[in-house]
>>> print(open('data_21.txt').read())   # compact mmCIF, C-alpha atoms
# COMPACT_ATOMS: atom_id res chain seq x y z
CA MET A 49 -76.80 -35.94 -51.96
CA THR A 50 -75.84 -32.91 -54.04
CA ILE A 51 -76.60 -29.60 -52.33
CA LEU A 52 -75.05 -27.29 -54.90
CA ALA A 53 -76.38 -27.84 -58.40
CA ALA A 54 -75.07 -26.11 -61.53
CA THR A 55 -77.38 -23.66 -63.28
CA ALA A 56 -77.03 -20.75 -65.66
CA ARG A 57 -78.96 -17.80 -64.35
CA GLY A 58 -78.31 -14.95 -61.91
CA PRO A 59 -75.09 -13.65 -60.33
CA ALA A 60 -74.77 -16.62 -57.97
CA ALA A 61 -76.14 -18.97 -60.52
CA ASP A 62 -73.37 -21.52 -60.59
CA SER A 63 -74.81 -23.16 -57.49
CA PRO A 64 -78.29 -22.52 -56.04
CA LEU A 65 -79.03 -24.53 -52.92
CA SER A 66 -81.66 -27.20 -52.65
CA LEU A 67 -84.57 -27.02 -50.22
CA GLU A 68 -82.99 -29.87 -48.25
CA LEU A 69 -80.42 -27.48 -46.81
CA VAL A 70 -83.17 -25.21 -45.47
CA GLU A 71 -84.90 -28.15 -43.80
CA GLN A 72 -81.62 -29.33 -42.32
CA ALA A 73 -80.92 -25.81 -41.00
CA LYS A 74 -84.19 -26.04 -39.04
CA ARG A 75 -83.07 -29.40 -37.63
CA HIS A 76 -79.70 -27.84 -36.81
CA ILE A 77 -81.34 -25.11 -34.71
CA SER A 78 -83.53 -27.70 -32.97
CA PHE A 79 -80.41 -29.78 -32.23
CA LEU A 80 -78.68 -26.80 -30.60
CA GLN A 81 -81.82 -25.92 -28.65
CA SER A 82 -82.14 -29.49 -27.37
CA LEU A 83 -78.48 -29.64 -26.27
CA HIS A 84 -78.92 -26.29 -24.52
CA ARG A 85 -82.17 -27.37 -22.87
CA ASN A 86 -80.40 -30.42 -21.46
CA GLY A 87 -77.51 -28.40 -20.05
CA ILE A 88 -74.85 -29.68 -22.46
CA THR A 89 -73.84 -26.36 -24.02
CA THR A 90 -74.27 -24.34 -20.83
CA LEU A 91 -71.18 -25.95 -19.23
CA THR A 92 -68.00 -23.89 -19.10
CA ASN A 93 -66.01 -26.79 -20.56
CA PRO A 94 -66.80 -30.37 -21.59
CA SER A 95 -65.69 -32.71 -18.82
CA ASP A 96 -62.52 -34.76 -18.97
CA GLU A 97 -64.72 -37.85 -19.01
CA SER A 98 -66.72 -36.63 -22.02
CA PHE A 99 -63.49 -35.85 -23.84
CA ARG A 100 -62.16 -39.36 -23.08
CA ARG A 101 -65.41 -40.93 -24.25
CA TYR A 102 -65.29 -38.95 -27.49
CA THR A 103 -61.66 -39.59 -28.38
CA GLU A 104 -61.08 -43.06 -26.93
CA LEU A 105 -64.49 -44.69 -27.43
CA TRP A 106 -66.68 -42.88 -29.94
CA LEU A 107 -64.28 -42.00 -32.75
CA PRO A 108 -62.72 -45.50 -32.83
CA LEU A 109 -66.26 -46.92 -33.07
CA VAL A 110 -67.12 -44.54 -35.93
CA ALA A 111 -63.84 -45.39 -37.69
CA SER A 112 -64.55 -49.13 -37.48
CA VAL A 113 -68.01 -48.68 -39.02
CA CYS A 114 -66.88 -46.28 -41.75
CA ARG A 115 -63.98 -48.53 -42.73
CA ARG A 116 -66.34 -51.45 -43.14
CA THR A 117 -68.99 -49.59 -45.16
CA ASP A 118 -66.86 -46.89 -46.88
CA ALA A 119 -69.69 -44.47 -46.17
CA ALA A 120 -71.06 -42.16 -43.49
CA CYS A 121 -71.94 -44.11 -40.36
CA LYS A 122 -75.44 -44.91 -39.14
CA LEU A 123 -74.76 -44.11 -35.49
CA ILE A 124 -76.40 -41.63 -33.09
CA PRO A 125 -74.23 -40.59 -30.12
CA PRO A 126 -75.19 -39.68 -26.54
CA ALA A 127 -75.58 -35.95 -25.90
CA ASP A 128 -72.18 -35.19 -24.36
CA ILE A 129 -70.34 -36.84 -27.24
CA ALA A 130 -72.65 -35.28 -29.84
CA TRP A 131 -71.58 -31.78 -28.76
CA LEU A 132 -67.85 -32.53 -29.00
CA TRP A 133 -68.30 -34.25 -32.37
CA HIS A 134 -70.37 -31.31 -33.63
CA CYS A 135 -67.71 -28.73 -32.72
CA HIS A 136 -64.86 -30.86 -34.02
CA ARG A 137 -66.49 -31.33 -37.43
CA LEU A 138 -67.16 -27.58 -37.72
CA ALA A 139 -63.41 -27.30 -38.38
CA PRO A 140 -63.66 -29.80 -41.24
CA TYR A 141 -60.04 -29.94 -42.35
CA ARG A 142 -58.67 -29.94 -38.79
CA TYR A 143 -61.06 -32.84 -38.08
CA LEU A 144 -60.01 -34.60 -41.27
CA ASP A 145 -56.34 -34.07 -40.47
CA TYR A 146 -56.83 -35.69 -37.06
CA VAL A 147 -58.83 -38.72 -38.19
CA GLN A 148 -56.48 -39.37 -41.12
CA GLU A 149 -53.42 -39.38 -38.87
CA ARG A 150 -54.99 -41.40 -36.09
CA PHE A 151 -57.13 -43.97 -37.89
CA PHE A 152 -55.57 -44.21 -41.35
CA GLU A 153 -51.94 -43.57 -40.36
CA LYS A 154 -51.27 -40.85 -42.88
CA LYS A 155 -50.91 -37.08 -42.98
CA LEU A 156 -53.11 -34.99 -45.23
CA ALA A 157 -51.12 -33.99 -48.29
CA TRP A 158 -51.82 -30.54 -49.70
CA ALA A 159 -51.39 -28.98 -53.12
CA GLU A 160 -51.53 -25.48 -54.62
CA GLY A 161 -50.68 -23.69 -51.40
CA LYS A 162 -53.15 -25.73 -49.31
CA ASN A 163 -56.00 -24.88 -51.69
CA LYS A 164 -56.43 -28.53 -52.64
CA LEU A 165 -55.84 -32.00 -51.25
CA ALA A 166 -53.02 -33.68 -53.12
CA GLU A 167 -54.97 -36.93 -53.00
CA GLU A 168 -58.76 -37.24 -52.93
CA LEU A 169 -60.03 -39.53 -50.18
CA PRO A 170 -62.79 -42.16 -50.27
CA PRO A 171 -66.07 -41.32 -48.44
CA GLY A 172 -65.38 -43.73 -45.57
CA GLU A 173 -62.22 -41.84 -44.56
CA PHE A 174 -64.13 -38.65 -43.70
CA LEU A 175 -65.80 -40.30 -40.67
CA ASP A 176 -69.13 -38.64 -41.46
CA THR A 177 -72.53 -39.35 -39.93
CA GLN A 178 -75.90 -39.81 -41.56
CA TYR A 179 -77.59 -38.23 -38.51
CA PRO A 180 -75.70 -34.97 -37.84
CA PHE A 181 -78.50 -33.33 -35.86
CA SER A 182 -79.58 -36.19 -33.61
CA PHE A 183 -78.37 -37.38 -30.21
CA GLN A 184 -79.55 -39.75 -27.48
CA LEU A 185 -80.79 -39.01 -23.98
CA GLU A 186 -80.92 -41.49 -21.13
CA GLY A 187 -84.26 -42.77 -19.89
CA SER A 188 -87.60 -41.30 -20.94
CA ALA A 189 -86.45 -37.71 -21.41
CA THR A 190 -88.18 -35.88 -24.24
CA ASN A 191 -85.85 -35.68 -27.22
CA ALA A 192 -86.76 -33.41 -30.13
CA THR A 193 -83.82 -34.68 -32.20
CA VAL A 194 -85.08 -38.28 -32.48
CA THR A 195 -88.55 -38.21 -33.99
CA THR A 196 -88.87 -41.11 -36.45
CA ASP A 197 -89.03 -44.89 -36.14
CA GLU A 198 -85.87 -45.11 -38.26
CA GLU A 199 -83.94 -42.84 -35.88
CA GLN A 200 -85.18 -44.79 -32.88
CA THR A 201 -84.02 -48.04 -34.49
CA VAL A 202 -80.60 -46.50 -35.19
CA CYS A 203 -80.39 -45.37 -31.56
CA GLU A 204 -81.01 -48.90 -30.32
CA GLU A 205 -78.51 -50.37 -32.79
CA THR A 206 -75.89 -47.79 -31.80
CA ILE A 207 -76.17 -48.80 -28.14
CA ARG A 208 -75.93 -52.48 -29.09
CA VAL A 209 -72.78 -51.94 -31.20
CA PHE A 210 -71.22 -49.70 -28.56
CA ARG A 211 -71.77 -52.24 -25.79
CA ALA A 212 -70.41 -55.06 -27.96
CA MET A 213 -67.20 -53.07 -28.55
CA TYR A 214 -66.96 -51.69 -24.99
CA PRO A 215 -68.67 -54.12 -22.60
CA ASN A 216 -67.27 -52.39 -19.50
CA GLU A 217 -68.21 -48.83 -20.50
CA HIS A 218 -71.39 -46.79 -19.98
CA PHE A 219 -73.03 -45.61 -23.20
CA PHE A 220 -74.43 -42.55 -21.43
CA LEU A 221 -72.22 -40.28 -19.37
CA ASP A 222 -71.70 -41.61 -15.85
CA LYS A 223 -72.85 -38.78 -13.59
CA ASN A 224 -70.23 -39.78 -11.02
CA LYS A 225 -67.49 -38.97 -13.56
CA SER A 226 -69.04 -35.88 -15.14
CA ALA A 227 -67.37 -33.12 -13.11
CA GLU A 228 -65.98 -30.39 -15.36
CA GLY A 229 -62.52 -31.06 -16.71
CA SER A 230 -59.17 -30.02 -15.28
CA SER A 231 -56.28 -28.41 -17.09
CA SER A 232 -54.19 -31.56 -16.66
CA VAL A 233 -55.82 -33.16 -19.72
CA ASP A 234 -54.48 -31.98 -23.08
CA LYS A 235 -57.56 -31.53 -25.28
CA ARG A 236 -55.73 -30.55 -28.45
CA LEU A 237 -56.27 -32.97 -31.32
CA SER A 238 -53.54 -32.64 -33.95
CA GLY A 239 -53.02 -29.12 -32.65
CA PHE A 240 -56.73 -28.22 -32.67
CA ASP A 241 -58.06 -27.11 -29.27
CA LEU A 242 -61.46 -28.77 -29.15
CA VAL A 243 -62.43 -27.26 -25.78
CA GLU A 244 -61.83 -23.73 -27.04
CA SER A 245 -63.97 -24.56 -30.06
CA CYS A 246 -66.79 -25.73 -27.76
CA GLN A 247 -66.50 -22.49 -25.80
CA ARG A 248 -66.78 -20.40 -28.97
CA GLN A 249 -69.66 -22.43 -30.37
CA SER A 250 -71.61 -22.37 -27.08
CA THR A 251 -72.97 -18.90 -27.92
CA PHE A 252 -73.80 -19.61 -31.58
CA LEU A 253 -77.39 -20.54 -30.66
CA TRP A 254 -77.86 -17.06 -29.20
CA GLN A 255 -76.88 -15.49 -32.51
CA VAL A 256 -79.39 -17.59 -34.51
CA SER A 257 -82.30 -17.29 -32.07
CA GLY A 258 -83.75 -14.01 -33.30
CA PRO A 259 -87.39 -14.17 -34.45
CA ARG A 260 -86.52 -14.18 -38.16
CA PHE A 261 -84.67 -17.50 -37.85
CA SER A 262 -88.03 -19.21 -37.33
CA SER A 263 -89.15 -18.10 -40.81
CA ASP A 264 -88.75 -20.51 -43.73
CA SER A 265 -88.46 -17.62 -46.17
CA PHE A 266 -85.64 -16.08 -44.12
CA LEU A 267 -83.78 -19.41 -44.09
CA GLN A 268 -84.31 -19.78 -47.84
CA GLN A 269 -82.90 -16.30 -48.31
CA GLY A 270 -79.96 -17.42 -46.18
CA ALA A 271 -79.43 -20.46 -48.42
CA ASP A 272 -79.49 -18.25 -51.52
CA ASN A 273 -77.06 -15.80 -49.90
CA TYR A 274 -74.79 -18.68 -48.89
CA VAL A 275 -74.53 -19.71 -52.54
CA ARG A 276 -73.64 -16.14 -53.46
CA PHE A 277 -71.12 -16.11 -50.61
CA ILE A 278 -69.45 -19.23 -52.04
CA VAL A 279 -69.34 -17.67 -55.50
CA LEU A 280 -67.89 -14.46 -54.02
CA ARG A 281 -65.22 -16.57 -52.36
CA ARG A 282 -64.38 -18.09 -55.74
CA LEU A 283 -64.24 -14.72 -57.48
CA LYS A 284 -62.18 -13.15 -54.70
CA ARG A 285 -60.15 -16.15 -53.67
CA HIS A 286 -57.33 -14.05 -52.23
CA LYS A 287 -59.73 -12.24 -49.87
CA TYR A 288 -61.06 -13.38 -46.48
CA VAL A 289 -64.85 -13.06 -46.70
CA VAL A 290 -66.85 -12.79 -43.47
CA PRO A 291 -70.35 -14.34 -43.29
CA THR A 292 -73.44 -12.83 -41.70
CA TYR A 293 -75.04 -15.10 -39.09
CA GLN A 294 -77.81 -15.82 -41.59
CA ILE A 295 -75.16 -17.22 -43.96
CA ASP A 296 -73.10 -18.80 -41.17
CA LEU A 297 -76.01 -20.98 -40.03
CA ILE A 298 -76.34 -22.39 -43.54
CA TRP A 299 -72.58 -22.78 -43.86
CA HIS A 300 -72.40 -24.74 -40.59
CA THR A 301 -75.33 -26.88 -41.74
CA HIS A 302 -73.70 -27.68 -45.08
CA ILE A 303 -70.46 -28.79 -43.40
CA LEU A 304 -72.18 -30.91 -40.76
CA MET A 305 -74.51 -32.70 -43.17
CA SER A 306 -71.48 -34.33 -44.81
CA ILE A 307 -67.87 -33.20 -44.77
CA TYR A 308 -67.26 -35.44 -47.78
CA GLY A 309 -70.14 -33.82 -49.68
CA TYR A 310 -69.12 -30.33 -48.55
CA HIS A 311 -65.56 -30.89 -49.73
CA ALA A 312 -66.56 -32.44 -53.08
CA GLU A 313 -69.11 -29.73 -53.91
CA ASN A 314 -66.77 -26.87 -53.04
CA MET A 315 -64.04 -28.40 -55.18
CA ARG A 316 -66.52 -28.65 -58.05
CA VAL A 317 -67.89 -25.12 -57.64
CA ASN A 318 -64.79 -23.26 -56.43
CA GLY A 319 -61.93 -25.48 -57.50
CA MET A 320 -60.42 -24.95 -54.05
CA LEU A 321 -60.94 -25.71 -50.36
CA MET A 322 -63.24 -23.49 -48.34
CA ASN A 323 -62.21 -23.97 -44.75
CA HIS A 324 -64.34 -22.83 -41.83
CA ASP A 325 -62.40 -21.00 -39.12
CA ASP A 326 -64.21 -19.69 -36.03
CA THR A 327 -61.04 -18.50 -34.28
CA LEU A 328 -61.29 -15.03 -35.86
CA ASN A 329 -63.68 -13.51 -33.31
CA ASP A 330 -62.06 -10.30 -32.08
CA ARG A 331 -64.65 -7.62 -32.91
CA THR A 332 -62.45 -4.67 -32.01
CA GLU A 333 -62.93 -1.78 -34.42
CA GLY A 334 -60.07 -1.84 -36.90
CA GLY A 335 -59.18 -5.46 -36.02
CA ASP A 336 -58.93 -8.28 -38.54
CA LEU A 337 -62.59 -9.34 -38.27
CA ASP A 338 -63.89 -5.78 -38.54
CA THR A 339 -61.58 -4.94 -41.45
CA ASN A 340 -62.46 -8.10 -43.37
CA TYR A 341 -66.17 -7.65 -42.71
CA ARG A 342 -66.09 -4.12 -44.15
CA ALA A 343 -64.18 -5.42 -47.17
CA THR A 344 -66.80 -8.20 -47.61
CA CYS A 345 -69.59 -5.59 -47.59
CA GLN A 346 -67.81 -3.68 -50.33
CA LEU A 347 -67.14 -6.80 -52.41
CA TRP A 348 -70.75 -7.90 -52.03
CA TYR A 349 -72.05 -4.54 -53.24
CA GLU A 350 -69.61 -4.45 -56.16
CA THR A 351 -70.56 -7.99 -57.21
CA TYR A 352 -74.32 -8.05 -56.58
CA ASN A 353 -75.28 -4.35 -56.37
CA GLU A 354 -76.94 -5.04 -53.00
CA GLN A 355 -76.20 -4.13 -49.39
CA TYR A 356 -74.67 -7.05 -47.49
CA PRO A 357 -76.18 -6.70 -43.97
CA VAL A 358 -79.50 -8.53 -43.47
CA PRO A 359 -81.92 -7.28 -40.78
CA GLY A 360 -82.34 -10.01 -38.18
CA GLY A 361 -79.35 -12.01 -39.42
CA MET A 362 -76.44 -10.10 -37.93
CA TYR A 363 -74.35 -10.18 -34.74
CA ARG A 364 -76.64 -9.60 -31.72
CA GLY A 365 -73.98 -8.81 -29.15
CA GLU A 366 -72.88 -11.24 -26.47
CA PRO A 367 -75.65 -13.26 -24.78
CA PRO A 368 -77.11 -12.18 -21.43
CA LYS A 369 -76.42 -14.17 -18.25
CA GLN A 370 -79.79 -15.92 -18.39
CA TYR A 371 -78.80 -17.49 -21.74
CA PHE A 372 -76.52 -19.88 -19.86
CA ARG A 373 -79.44 -21.43 -17.96
CA PRO A 374 -81.15 -24.47 -19.53
CA GLY A 375 -84.61 -22.87 -19.22
CA TRP A 376 -83.61 -20.02 -21.53
CA VAL A 377 -84.54 -21.90 -24.73
CA ASP A 378 -88.23 -22.30 -23.88
CA ARG A 379 -88.56 -18.68 -22.75
CA ALA A 380 -86.77 -17.46 -25.88
CA GLN A 381 -89.02 -19.51 -28.17
CA LYS A 382 -92.13 -17.99 -26.62
CA THR A 383 -90.69 -14.49 -26.94
CA SER A 384 -89.66 -15.03 -30.58
CA LEU A 385 -93.07 -16.44 -31.48
CA SER A 386 -94.79 -13.50 -29.84
CA LYS A 387 -92.59 -11.02 -31.73
CA PHE A 388 -93.19 -12.88 -34.99
CA HIS A 389 -96.97 -12.68 -34.53
CA ARG A 390 -96.76 -8.98 -33.71
CA VAL A 391 -94.76 -8.28 -36.86
CA LEU A 392 -97.12 -10.42 -38.94
CA GLY A 393 -100.12 -8.58 -37.44
CA ARG A 394 -98.63 -5.19 -38.35
CA LEU A 395 -97.97 -6.32 -41.91
CA LEU A 396 -101.50 -7.65 -42.33
CA SER A 397 -102.95 -4.47 -40.86
CA ARG A 398 -100.87 -2.37 -43.24
CA ALA A 399 -101.98 -4.52 -46.20
CA ASN A 400 -105.64 -4.11 -45.20
CA ARG A 401 -105.28 -0.33 -45.01
CA VAL A 402 -103.79 -0.30 -48.52
CA ASP A 403 -106.71 -2.37 -49.84
CA ILE A 404 -109.23 0.01 -48.24
CA LYS A 405 -107.52 3.04 -49.84
CA ARG A 406 -107.75 1.35 -53.23
>>> encode(input="data_21.txt", output="structure tokens")
Amino acid sequence: MTILAATARGPAADSPLSLELVEQAKRHISFLQSLHRNGITTLTNPSDESFRRYTELWLPLVASVCRRTDAACKLIPPADIAWLWHCHRLAPYRYLDYVQERFFEKKLAWAEGKNKLAEELPPGEFLDTQYPFSFQLEGSATNATVTTDEEQTVCEETIRVFRAMYPNEHFFLDKNKSAEGSSSVDKRLSGFDLVESCQRQSTFLWQVSGPRFSSDSFLQQGADNYVRFIVLRRLKRHKYVVPTYQIDLIWHTHILMSIYGYHAENMRVNGMLMNHDDTLNDRTEGGDLDTNYRATCQLWYETYNEQYPVPGGMYRGEPPKQYFRPGWVDRAQKTSLSKFHRVLGRLLSRANRVDIKR
């Protein structure tokens, strides 16, 4: 489905985002909250066993389905695999490089200084999923990511297909093998360190858990700003532009919904690749991230005549210790809801005072 649609109005008008992306961003946050609540993202590292299950069982299964259908797969993974798959796909061209080499026996060929793929690939070779923000839990555990009859049916079919392909393997992580991984296992996939990516992404939920991220209007603003961010990237293609967390949530969501769609739409809008790289995270004053962020603020103001920072959508600092406990999500949701109601109450009170003065 097209997320970026051509139009002819406004400074970012080449590509306003559809409402679907806002709805998917809400599912994205719920997905991260559910993983956190179940202790998946609070681990220091994914276990060796989870890594084996992802690389040796799950991806070959996905490849077999995508080859057959030439489309995104209708499969929903167990939670431990879902987290690894999520983080791997957030580096879309590193992911694509790996799956092309491993499952299609070819290296990605680049053109125009790595700004384009030399050869466009069919949808089935992107190893996408139709359910990017769903995962399975064992037993009767409450699962906020599987809410429809269709998703439940896909879950059951996924287990059936998995067991047919791997009759001697557990679909869910065997607790006896789930101790955290050792350094003896090389977790680099075509040079991409997936464990380090999981470590970096483990705190992303903290950054998008402020009270404003529960507001539809704030997410819609984020979608609009993401479009402008993409256009800015096209206009300033030799610059490294740094997203706010409001924009970054939408960017992550766009990638994860479909790497094939993300790639095709960026090529149409920008005429070039727009890679996502989360390795630039040194916030030292005067460092690369700080310097590029300041340059992005200036470019944004010059292009749109607006300040770039968005209250409630910026870096919140590193998470507190209690963030790494599974119970943090429920406490944070109550706190955010309480803050949201307080802010709403103040706004309504202010509006009433204005009406009385009139």
>>> atom_distance(input="data_21.txt", atom1="CA of Leu347 (chain A)", atom2="CA of Met320 (chain A)")
19.4 Å
>>> closest_residue(input="data_21.txt", among="A:Val289, A:Leu304, A:Ala157, A:Val113", to="Met322 (chain A)", atoms="all atoms listed in the file")
A:Val289
>>> closest_residue(input="data_21.txt", among="A:Met213, A:Tyr179, A:Asn314, A:Ala139", to="Pro108 (chain A)", atoms="only C-alpha atoms")
A:Met213
>>> residues_around(input="data_21.txt", residues="Ser306 (chain A)", least_positions_apart="3", cutoff="8 Å", atoms="all atoms listed in the file", output="VMD selection string")
chain A and resid 120 176 to 178 302 to 303 309 to 310
>>> residues_around(input="data_21.txt", residues="Val233 (chain A)", least_positions_apart="6", cutoff="10 Å", atoms="all atoms listed in the file", output="ChimeraX atom specification")
/A:95-96,99-100
>>> write_last_selection(input="data_21.txt", atoms="C-alpha atoms", output="PDB file, in the coordinates of the input")
ATOM      1  CA  SER A  95     -65.690 -32.710 -18.820  1.00  0.00           C
ATOM      2  CA  ASP A  96     -62.520 -34.760 -18.970  1.00  0.00           C
ATOM      3  CA  PHE A  99     -63.490 -35.850 -23.840  1.00  0.00           C
ATOM      4  CA  ARG A 100     -62.160 -39.360 -23.080  1.00  0.00           C
TER       5      ARG A 100
END
>>> atom_distance(input="data_21.txt", atom1="CA of Arg248 (chain A)", atom2="CA of Gly319 (chain A)")
29.4 Å
>>> closest_residue(input="data_21.txt", among="A:Lys287, A:Lys225, A:His300, A:Arg101", to="Ile77 (chain A)", atoms="all atoms listed in the file")
A:His300
>>> residues_around(input="data_21.txt", residues="Phe277 (chain A)", least_positions_apart="4", cutoff="9 Å", atoms="all atoms listed in the file", output="PyMOL selection string")
chain A and resi 60+272-273+281-282+289-291+295+348
>>> residues_around(input="data_21.txt", residues="Arg85 (chain A)", least_positions_apart="4", cutoff="8 Å", atoms="all atoms listed in the file", output="mmCIF file with C-alpha atoms, in the frame of the given file")
data_model
loop_
_atom_site.group_PDB
_atom_site.id
_atom_site.type_symbol
_atom_site.label_atom_id
_atom_site.label_comp_id
_atom_site.auth_asym_id
_atom_site.auth_seq_id
_atom_site.Cartn_x
_atom_site.Cartn_y
_atom_site.Cartn_z
ATOM 1 C CA GLN A 81 -81.820 -25.920 -28.650
ATOM 2 C CA PRO A 374 -81.150 -24.470 -19.530
ATOM 3 C CA GLY A 375 -84.610 -22.870 -19.220
ATOM 4 C CA TRP A 376 -83.610 -20.020 -21.530
ATOM 5 C CA VAL A 377 -84.540 -21.900 -24.730
ATOM 6 C CA ASP A 378 -88.230 -22.300 -23.880
#
